[in-house]
Amino acid sequence: MGDAVKDRWRQLKARRRSGATTLRRQLIAWLAGPLFILWSVSTIIAYDIAKRFVNLAYDRALLEAALDVGRQVKVINDRIYLDLPEVALQILQTRESGGLYYLVTGPEEEFVSGEPDLPRPPAEIPETTADRVRYYDEEFRGREIRAVALRAPVEPGTGKGAVQIHVAERVTARDEFARQIMLRMVLPQGILILLAGFAVWYGVGRGLAPLSTLRREIESRSHRDLSALSEEQAPQEVRPLIHAMNDLLARLATAIAAQQRFIADAAHQLRTPIAGLKTQTELALRQSQSGNVHDTLKQLQTATEQSARLVNQLLSLARAEPGVKLGHAVERLDLARLARDSTTEWVPRALARSIDLGYDGEEGAAWIEGDPFLVRDMLGNLLDNAIRYTQRGGQVTVRVTGNSHTVALSVEDNGPGIPESERERVFERFYRVLGTGTEGCGLGLAIVREIALSHHAGVTLAAGADGRGTVARVAFPRAAR
Amino acid sequence: MRILIVEDDPVLADGLARSLRGSDYAVDAATDGAEADHVLSAQSYDLVILDLGLPVLEGHEVLRRLRRRGSKTPVLILTALDSLEERVKGLDLGADDYLTKPFDLPELEARVRALVRRGQSGGGSLLSHGALTVDMAGRRATLHGKPLDLSARELGVLEVLLLRSGRVVNKDQLAEKLYGWDEEVGANAIEVYVHRLRRKLEPAGVSIRTIRGLGYLLEKPAHARD
């Protein structure tokens with residue numbers, strides 16, 4: 001029994017762990033997708049904006065450099081040359097944004113100074129008339145560069161034409177700068193999205209807490225408890241679910257009750273004809289003392305006894321099963337007294353089989369919470385088994401013992417005993433130990449277990465004191481004072 | 001001794017009637033509640049065996065009307081219903097005993113004997129058990145017609161055992177009976193009385209069996225055994 005329960009528990013746990021769609025996961029998925037796309041688009045836009053402004057700033061600095069170079073163009077003896085002092089050169093070479101390249105050409109495009117192979121502006125880029133400046137992107141020595149071309153008159157007013165000043169720098173620095181600006185814009189957004197994700201995760205968890213509570217309530221319920229679930233704590237949205245569930249529980253309880261009532265009614269209806277049969281058989285047996293008819297009547301009596309027992313046990317089982325109780329209630333009861341009274345009732349039956357039935361145990365009261373009728377049924381079934389399976393002249397003893405937590409009812413016999421391998425199986429309905437040769441129907445211990453379950457009591461079967469016979473022990477929780 | 005059986009199942013009613021007639025009771029039978037009520041208001045019985053699930057008039061109602069008329073006739077309820085509530089309700093209405101179907105015939109007969117005796121015990125009747133006879137009114141016991149020398153307390157114990165012969169009598173029940181003679185009746189005192197009784201009765205084949213932890217039981221007379 002214990003293993004079956006454990007298996008079920010494992011199944012439940014596995015189901016919860018496996019990735020069945022949870023509301024939380026769905027919500028996160030629905031939020032995360034669009035947020036991620038938005039974030040990507042925003043990253044692209046941020047990069048574009050950053051690049052634009054970085055370009056503007058760097059272009060201006062490049063132009064300043066070109067103008068500085070332009071100021072150093074001198075004409076001496078009609079020869080154009082560039083007079084760059086060593087200091088200025090060094091400054092140009094070691095700017096923060098990397099080294100600058102320059103090229104100055106004369107009015108006839110002739111080389112004046114700088115890097116002779118620095119790319120010239122492509123023809124298609126028009127010269128802006130106002131300041132005669134052209135910006136262009138090119139490749140120089142295998143690296144991408146940004147360049148500015150500036151036309152400056154050689155000597156204003158002489159009509160000697162203009163020199164072309166080209167200044168270029170690598171784009172690496174700009175890209176790096178743009179990337180940093182973009183990162184500074186995008187990272188907080190990313191963090192924001194992550195935080196939003198956590199907020200949703202947590203919020204959904206909190207929002208779904210009533211459902212978790214409901215789940216726990218249902219999980220922790222025994223299969224006997226079909227009472228309505230509480231609606232009070234539940235939010236508006238969950239109430240219809242609870243309503244529907246309560247409705248189902250109610251219908252289930254009704255159906256189970258109807259079934260139990262049917263079994264109970266059927267058993268009750270059967271009792272009268274069986275009583276008639278039993279009485280008539282016993283009378284007939286008294287009248288015929290021997291012979292074939294007597295033997296037949298003996299068999300008939302056995303069959304009748306069996307039917308009577310079965311009908312009683314069916315009724316017990318219907319009473320003990322979960323669902324709507326057939327008019328019984330749990331109360332505080334003295335198990336010792338109940339055991340003594342019940343055992344007393346069984347004495348004539350035990351004596352008829354020459355079995356010494358006795359009670360041994362606490363004289364004082366042993367209080368438990370229980371349905372006296374069911375507990376009586378339970379002890380009745382244990383005694384019935386003990387008396388039935390113990391040989392003539394045997395001994396059956398009922399005991400009630402207790403400690404601070406439990407009160408145990410036990411029935412010990414010195415009969416043949418139940419092999420250890422069978423002890424779990426005998427609690428199954430209609431299971432009978434082979435070779436016992438007694439006309440039981442195998443419901444007795446099933447009833448005992450049902451009743452024990454409904455009383456939160458544990459049932460164990462063990463061998464008797466000296467290894468012989470059987471001790472059936474039912475441990476009830478002791479009732480609070 | 002006249003017994004009325006009120007039972008609507010003909011097979012069971014016939015079985016009961018034949019069994020009781022075999023024990024020398026005069027038996028009448030009624031098959032529904034109204035008939036039973038009618039018969040009971042016209043005639044007096046020493047015992048009524050009453051089924052509860054009766055046509056026309058419910059068994060409970062028959063019992064209620066019987067008690068309302070002031071009758072003290074012992075009533076043994078015989079029913080297919082065995083819930084505690086049913087039992088309590090029946091006993092509250094004034095039933096004297098309660099037996100659930102299906103029952104063992106010897107058990108029914110034992111209860112019938114006990115109820116009939118109880119009904120008569122107020123009137124100073126004789127209780128007999130095999131060769132033993134106890135005159136409850138005269139407070140005398142005889143064995144094979146010869147007076148038996150018993151103390152008042154021993155006789156008290158014997159009476160209780162006789163009234164419930166075949167069933168267990170616990171020490172509390174015995175102590176209750178003896179209360180009044182002794183200030184305090186301990187379990188040991190009861191054991192002493194039972195021991196003395198045993199010694200006096202055993203030669204006549206009347207045996208008192210000790211039921212471990214529960215009490216004592218006066219075994220059925222040898223000739224009445226199955």
# chains A, B, ... in the order shown; residues from 1 in each chain; ligands from 1

call {"tool": "residues_around", "arguments": {"residues": "A:Ile193", "least_positions_apart": "5", "cutoff": "10 Å", "atoms": "only C-alpha atoms", "output": "ChimeraX atom specification"}}
result
/A:31-32,35-36,39,187-188,198-199

call {"tool": "closest_atom_pairs", "arguments": {"of": "chain A", "to": "chain B", "cutoff": "10 Å", "atoms": "only C-alpha atoms", "output": "Markdown table"}}
result
| residue | atom | partner | partner_atom | distance |
| --- | --- | --- | --- | --- |
| A:Ala264 | CA | B:Leu81 | CA | 9.5 |
| A:Asp265 | CA | B:Leu81 | CA | 9.4 |
| A:Ala267 | CA | B:Ala80 | CA | 8.7 |
| A:His268 | CA | B:Ala80 | CA | 5.4 |
| A:Gln269 | CA | B:Ala80 | CA | 7.4 |
| A:Leu270 | CA | B:Ala80 | CA | 8.5 |
| A:Arg271 | CA | B:Lys101 | CA | 5.7 |
| A:Thr272 | CA | B:Lys101 | CA | 6.3 |
| A:Pro273 | CA | B:Leu12 | CA | 7.2 |
| A:Ile274 | CA | B:Pro102 | CA | 6.2 |
| A:Ala275 | CA | B:Pro102 | CA | 4.2 |
| A:Gly276 | CA | B:Leu12 | CA | 3.8 |
| A:Leu277 | CA | B:Leu12 | CA | 7.3 |
| A:Lys278 | CA | B:Pro102 | CA | 7.3 |
| A:Thr279 | CA | B:Gly15 | CA | 5.5 |
| A:Gln280 | CA | B:Gly15 | CA | 5.2 |
| A:Thr281 | CA | B:Gly15 | CA | 8.8 |
| A:Glu282 | CA | B:Leu105 | CA | 7.0 |
| A:Leu283 | CA | B:Ser19 | CA | 6.6 |
| A:Ala284 | CA | B:Gly15 | CA | 9.6 |
| A:Arg286 | CA | B:Asp226 | CA | 8.6 |
| A:Thr304 | CA | B:Pro102 | CA | 9.7 |
| A:Glu305 | CA | B:Pro102 | CA | 8.9 |
| A:Ser307 | CA | B:Pro102 | CA | 9.7 |
| A:Ala308 | CA | B:Pro102 | CA | 6.3 |
| A:Arg309 | CA | B:Pro102 | CA | 8.9 |
| A:Val311 | CA | B:Pro102 | CA | 9.3 |
| A:Asn312 | CA | B:Pro102 | CA | 8.8 |
| A:Leu315 | CA | B:Asp82 | CA | 9.7 |
| A:Arg319 | CA | B:Ser83 | CA | 9.8 |
| A:Leu326 | CA | B:Ser83 | CA | 8.6 |
| A:Gly327 | CA | B:Glu85 | CA | 7.8 |
| A:His328 | CA | B:Leu84 | CA | 7.9 |
| A:Arg340 | CA | B:Leu214 | CA | 6.7 |
| A:Asp341 | CA | B:Leu214 | CA | 8.5 |
| A:Thr343 | CA | B:Leu214 | CA | 8.1 |
| A:Thr344 | CA | B:Val168 | CA | 6.1 |
| A:Glu345 | CA | B:Val168 | CA | 7.7 |
| A:Trp346 | CA | B:Arg167 | CA | 9.4 |
| A:Val347 | CA | B:Val168 | CA | 7.2 |
| A:Pro348 | CA | B:Arg167 | CA | 6.6 |
| A:Arg349 | CA | B:Glu107 | CA | 9.6 |
| A:Leu351 | CA | B:Glu219 | CA | 9.6 |
| A:Ala352 | CA | B:Asp226 | CA | 9.4 |
| A:Asp356 | CA | B:Ile211 | CA | 7.7 |
| A:Leu357 | CA | B:Ile211 | CA | 7.0 |
| A:Gly358 | CA | B:Arg212 | CA | 4.3 |
| A:Tyr359 | CA | B:Gly213 | CA | 4.5 |
| A:Asp360 | CA | B:Gly213 | CA | 5.5 |
| A:Gly361 | CA | B:Gly213 | CA | 8.1 |
| A:Glu363 | CA | B:Gly213 | CA | 9.2 |
| A:Pro372 | CA | B:Leu84 | CA | 8.5 |
| A:Phe373 | CA | B:Leu84 | CA | 6.5 |
| A:Leu374 | CA | B:Ser83 | CA | 9.9 |
| A:Thr397 | CA | B:Arg212 | CA | 8.5 |
| A:Val398 | CA | B:Gly213 | CA | 9.3 |
| A:Arg399 | CA | B:Gly213 | CA | 9.7 |

call {"tool": "select_by_dssp", "arguments": {"residues": "stretch 5-214 of chain B", "states": "strand (DSSP E)", "output": "number ranges by chain"}}
result
B: 5-6, 26-30, 47-51, 75-79, 97-100, 126-129, 132-135, 140-143, 146-147, 168-169, 208-211

call {"tool": "residues_around", "arguments": {"residues": "stretch 426-428 of chain A", "least_positions_apart": "2", "cutoff": "9 Å", "atoms": "only C-alpha atoms", "output": "compact mmCIF listing (two decimals) with N, CA and C atoms, in the first residue's frame"}}
result
# COMPACT_ATOMS: atom_id res chain seq x y z
N ILE A 418 -0.35 -15.90 9.36
CA ILE A 418 -0.35 -15.51 7.95
C ILE A 418 1.11 -15.36 7.53
N GLU A 422 2.23 -12.82 2.52
CA GLU A 422 0.80 -12.64 2.25
C GLU A 422 0.23 -11.45 3.02
N ARG A 423 1.00 -10.92 3.97
CA ARG A 423 0.41 -9.97 4.92
C ARG A 423 -0.10 -8.69 4.29
N GLU A 424 0.54 -8.29 3.18
CA GLU A 424 0.06 -7.08 2.51
C GLU A 424 -1.19 -7.39 1.67
N PHE A 430 -11.55 -9.49 -1.51
CA PHE A 430 -11.77 -10.83 -2.03
C PHE A 430 -10.49 -11.66 -2.13
N TYR A 431 -9.42 -11.24 -1.44
CA TYR A 431 -8.20 -12.04 -1.44
C TYR A 431 -8.25 -13.01 -0.27
N ARG A 432 -7.93 -14.27 -0.55
CA ARG A 432 -7.92 -15.25 0.54
C ARG A 432 -6.63 -16.03 0.51
N VAL A 433 -6.10 -16.28 1.70
CA VAL A 433 -4.87 -17.05 1.78
C VAL A 433 -5.19 -18.49 1.38
N GLY A 442 -13.12 -12.97 2.08
CA GLY A 442 -11.98 -12.10 1.81
C GLY A 442 -12.28 -10.63 1.86
N LEU A 443 -13.36 -10.26 2.51
CA LEU A 443 -13.66 -8.83 2.60
C LEU A 443 -13.30 -8.25 3.96
N GLY A 444 -13.14 -9.12 4.94
CA GLY A 444 -12.97 -8.67 6.33
C GLY A 444 -11.86 -7.65 6.50
N LEU A 445 -10.65 -7.98 6.04
CA LEU A 445 -9.53 -7.08 6.28
C LEU A 445 -9.60 -5.85 5.39
N ALA A 446 -10.25 -5.99 4.22
CA ALA A 446 -10.46 -4.80 3.37
C ALA A 446 -11.32 -3.79 4.12
N ILE A 447 -12.32 -4.30 4.82
CA ILE A 447 -13.18 -3.43 5.61
C ILE A 447 -12.38 -2.80 6.74
N VAL A 448 -11.57 -3.62 7.41
CA VAL A 448 -10.75 -3.11 8.50
C VAL A 448 -9.88 -1.97 8.00
N ARG A 449 -9.29 -2.16 6.83
CA ARG A 449 -8.41 -1.12 6.32
C ARG A 449 -9.18 0.15 5.96

call {"tool": "select_by_dssp", "arguments": {"residues": "stretch 75-212 of chain A", "states": "alpha helix (DSSP H)", "output": "PDB file with C-alpha atoms, in the first residue's frame"}}
result
ATOM      1  CA  GLU A  86      57.934  69.675 -36.497  1.00  0.00           C
ATOM      2  CA  VAL A  87      55.672  70.286 -33.518  1.00  0.00           C
ATOM      3  CA  ALA A  88      52.566  70.582 -35.680  1.00  0.00           C
ATOM      4  CA  LEU A  89      53.520  67.428 -37.506  1.00  0.00           C
ATOM      5  CA  GLN A  90      53.812  65.558 -34.272  1.00  0.00           C
ATOM      6  CA  ILE A  91      50.472  66.829 -33.144  1.00  0.00           C
ATOM      7  CA  LEU A  92      48.928  65.614 -36.399  1.00  0.00           C
ATOM      8  CA  GLN A  93      50.521  62.199 -36.015  1.00  0.00           C
ATOM      9  CA  THR A 172      38.247  53.058 -36.175  1.00  0.00           C
ATOM     10  CA  ALA A 173      38.045  55.739 -33.544  1.00  0.00           C
ATOM     11  CA  ARG A 174      34.690  57.004 -34.753  1.00  0.00           C
ATOM     12  CA  ASP A 175      33.254  53.498 -34.857  1.00  0.00           C
ATOM     13  CA  GLU A 176      34.535  52.839 -31.372  1.00  0.00           C
ATOM     14  CA  PHE A 177      33.037  56.075 -30.108  1.00  0.00           C
ATOM     15  CA  ALA A 178      29.697  55.403 -31.795  1.00  0.00           C
ATOM     16  CA  ARG A 179      29.658  51.901 -30.345  1.00  0.00           C
ATOM     17  CA  GLN A 180      30.274  53.211 -26.866  1.00  0.00           C
ATOM     18  CA  ILE A 181      27.483  55.753 -27.167  1.00  0.00           C
ATOM     19  CA  MET A 182      25.185  53.037 -28.467  1.00  0.00           C
ATOM     20  CA  LEU A 183      26.123  50.689 -25.620  1.00  0.00           C
ATOM     21  CA  ARG A 184      25.427  53.377 -23.056  1.00  0.00           C
ATOM     22  CA  MET A 185      21.979  53.826 -24.589  1.00  0.00           C
ATOM     23  CA  VAL A 186      21.129  50.173 -25.121  1.00  0.00           C
ATOM     24  CA  LEU A 187      22.454  48.524 -21.955  1.00  0.00           C
ATOM     25  CA  PRO A 188      20.018  50.268 -19.591  1.00  0.00           C
ATOM     26  CA  GLN A 189      17.220  49.291 -21.931  1.00  0.00           C
ATOM     27  CA  GLY A 190      18.341  45.684 -21.785  1.00  0.00           C
ATOM     28  CA  ILE A 191      18.454  45.792 -18.016  1.00  0.00           C
ATOM     29  CA  LEU A 192      15.009  47.369 -18.047  1.00  0.00           C
ATOM     30  CA  ILE A 193      13.673  44.518 -20.174  1.00  0.00           C
ATOM     31  CA  LEU A 194      15.237  41.934 -17.872  1.00  0.00           C
ATOM     32  CA  LEU A 195      13.735  43.648 -14.864  1.00  0.00           C
ATOM     33  CA  ALA A 196      10.370  43.730 -16.628  1.00  0.00           C
ATOM     34  CA  GLY A 197      10.743  40.005 -17.225  1.00  0.00           C
ATOM     35  CA  PHE A 198      11.411  39.370 -13.542  1.00  0.00           C
ATOM     36  CA  ALA A 199       8.541  41.626 -12.587  1.00  0.00           C
ATOM     37  CA  VAL A 200       6.217  39.646 -14.839  1.00  0.00           C
ATOM     38  CA  TRP A 201       7.567  36.336 -13.508  1.00  0.00           C
ATOM     39  CA  TYR A 202       7.063  37.425  -9.936  1.00  0.00           C
ATOM     40  CA  GLY A 203       3.785  39.203 -10.622  1.00  0.00           C
ATOM     41  CA  VAL A 204       2.318  36.217 -12.388  1.00  0.00           C
ATOM     42  CA  GLY A 205       3.453  34.035  -9.521  1.00  0.00           C
ATOM     43  CA  ARG A 206       1.766  36.328  -7.056  1.00  0.00           C
ATOM     44  CA  GLY A 207      -1.288  36.630  -9.259  1.00  0.00           C
ATOM     45  CA  ALA A 209      -0.992  32.261  -5.878  1.00  0.00           C
ATOM     46  CA  PRO A 210      -4.712  31.590  -5.333  1.00  0.00           C
ATOM     47  CA  LEU A 211      -4.458  28.830  -7.930  1.00  0.00           C
ATOM     48  CA  SER A 212      -1.445  27.348  -6.162  1.00  0.00           C
TER      49      SER A 212
END

call {"tool": "atom_distance", "arguments": {"atom1": "atom CA of A:Phe262", "atom2": "atom CA of B:Val62"}}
result
27.3 Å

call {"tool": "decode", "arguments": {"residues": "stretch 46-69 of chain B", "atoms": "N, CA and C atoms", "output": "compact mmCIF listing (two decimals), in the first residue's frame"}}
result
# COMPACT_ATOMS: atom_id res chain seq x y z
N ASP B 46 -46.79 -12.27 26.32
CA ASP B 46 -45.62 -12.27 27.19
C ASP B 46 -44.40 -11.70 26.48
N LEU B 47 -44.49 -11.69 25.14
CA LEU B 47 -43.37 -11.14 24.36
C LEU B 47 -43.86 -10.82 22.95
N VAL B 48 -43.34 -9.72 22.40
CA VAL B 48 -43.61 -9.39 21.00
C VAL B 48 -42.28 -9.38 20.26
N ILE B 49 -42.22 -10.14 19.15
CA ILE B 49 -41.05 -10.07 18.27
C ILE B 49 -41.48 -9.22 17.10
N LEU B 50 -40.83 -8.04 16.96
CA LEU B 50 -41.34 -7.02 16.06
C LEU B 50 -40.33 -6.68 14.97
N ASP B 51 -40.75 -6.84 13.73
CA ASP B 51 -39.93 -6.39 12.61
C ASP B 51 -40.21 -4.90 12.44
N LEU B 52 -39.22 -4.14 11.95
CA LEU B 52 -39.44 -2.69 11.83
C LEU B 52 -40.02 -2.30 10.47
N GLY B 53 -39.49 -2.92 9.40
CA GLY B 53 -39.96 -2.56 8.06
C GLY B 53 -41.25 -3.29 7.72
N LEU B 54 -42.35 -2.77 8.24
CA LEU B 54 -43.63 -3.46 8.04
C LEU B 54 -44.53 -2.70 7.09
N PRO B 55 -45.36 -3.41 6.32
CA PRO B 55 -46.33 -2.70 5.49
C PRO B 55 -47.44 -2.08 6.35
N VAL B 56 -48.13 -1.12 5.77
CA VAL B 56 -49.28 -0.41 6.36
C VAL B 56 -48.87 0.47 7.55
N LEU B 57 -48.34 -0.16 8.59
CA LEU B 57 -47.94 0.62 9.75
C LEU B 57 -46.52 0.21 10.14
N GLU B 58 -45.64 1.21 10.23
CA GLU B 58 -44.23 0.97 10.58
C GLU B 58 -44.08 0.31 11.95
N GLY B 59 -43.04 -0.51 12.09
CA GLY B 59 -42.77 -1.18 13.36
C GLY B 59 -42.60 -0.21 14.53
N HIS B 60 -41.88 0.90 14.25
CA HIS B 60 -41.69 1.90 15.30
C HIS B 60 -43.03 2.41 15.83
N GLU B 61 -43.97 2.60 14.89
CA GLU B 61 -45.27 3.15 15.26
C GLU B 61 -46.07 2.14 16.10
N VAL B 62 -45.94 0.86 15.70
CA VAL B 62 -46.62 -0.19 16.46
C VAL B 62 -46.12 -0.16 17.91
N LEU B 63 -44.79 -0.03 18.06
CA LEU B 63 -44.18 -0.01 19.38
C LEU B 63 -44.63 1.22 20.17
N ARG B 64 -44.64 2.38 19.47
CA ARG B 64 -45.04 3.62 20.14
C ARG B 64 -46.47 3.49 20.68
N ARG B 65 -47.36 2.96 19.82
CA ARG B 65 -48.76 2.83 20.26
C ARG B 65 -48.90 1.85 21.42
N LEU B 66 -48.11 0.76 21.35
CA LEU B 66 -48.16 -0.24 22.42
C LEU B 66 -47.77 0.39 23.76
N ARG B 67 -46.67 1.17 23.73
CA ARG B 67 -46.20 1.78 24.98
C ARG B 67 -47.15 2.88 25.44
N ARG B 68 -47.79 3.56 24.45
CA ARG B 68 -48.72 4.63 24.83
C ARG B 68 -49.93 4.05 25.57
N ARG B 69 -50.26 2.82 25.24
CA ARG B 69 -51.37 2.17 25.95
C ARG B 69 -50.94 1.69 27.33
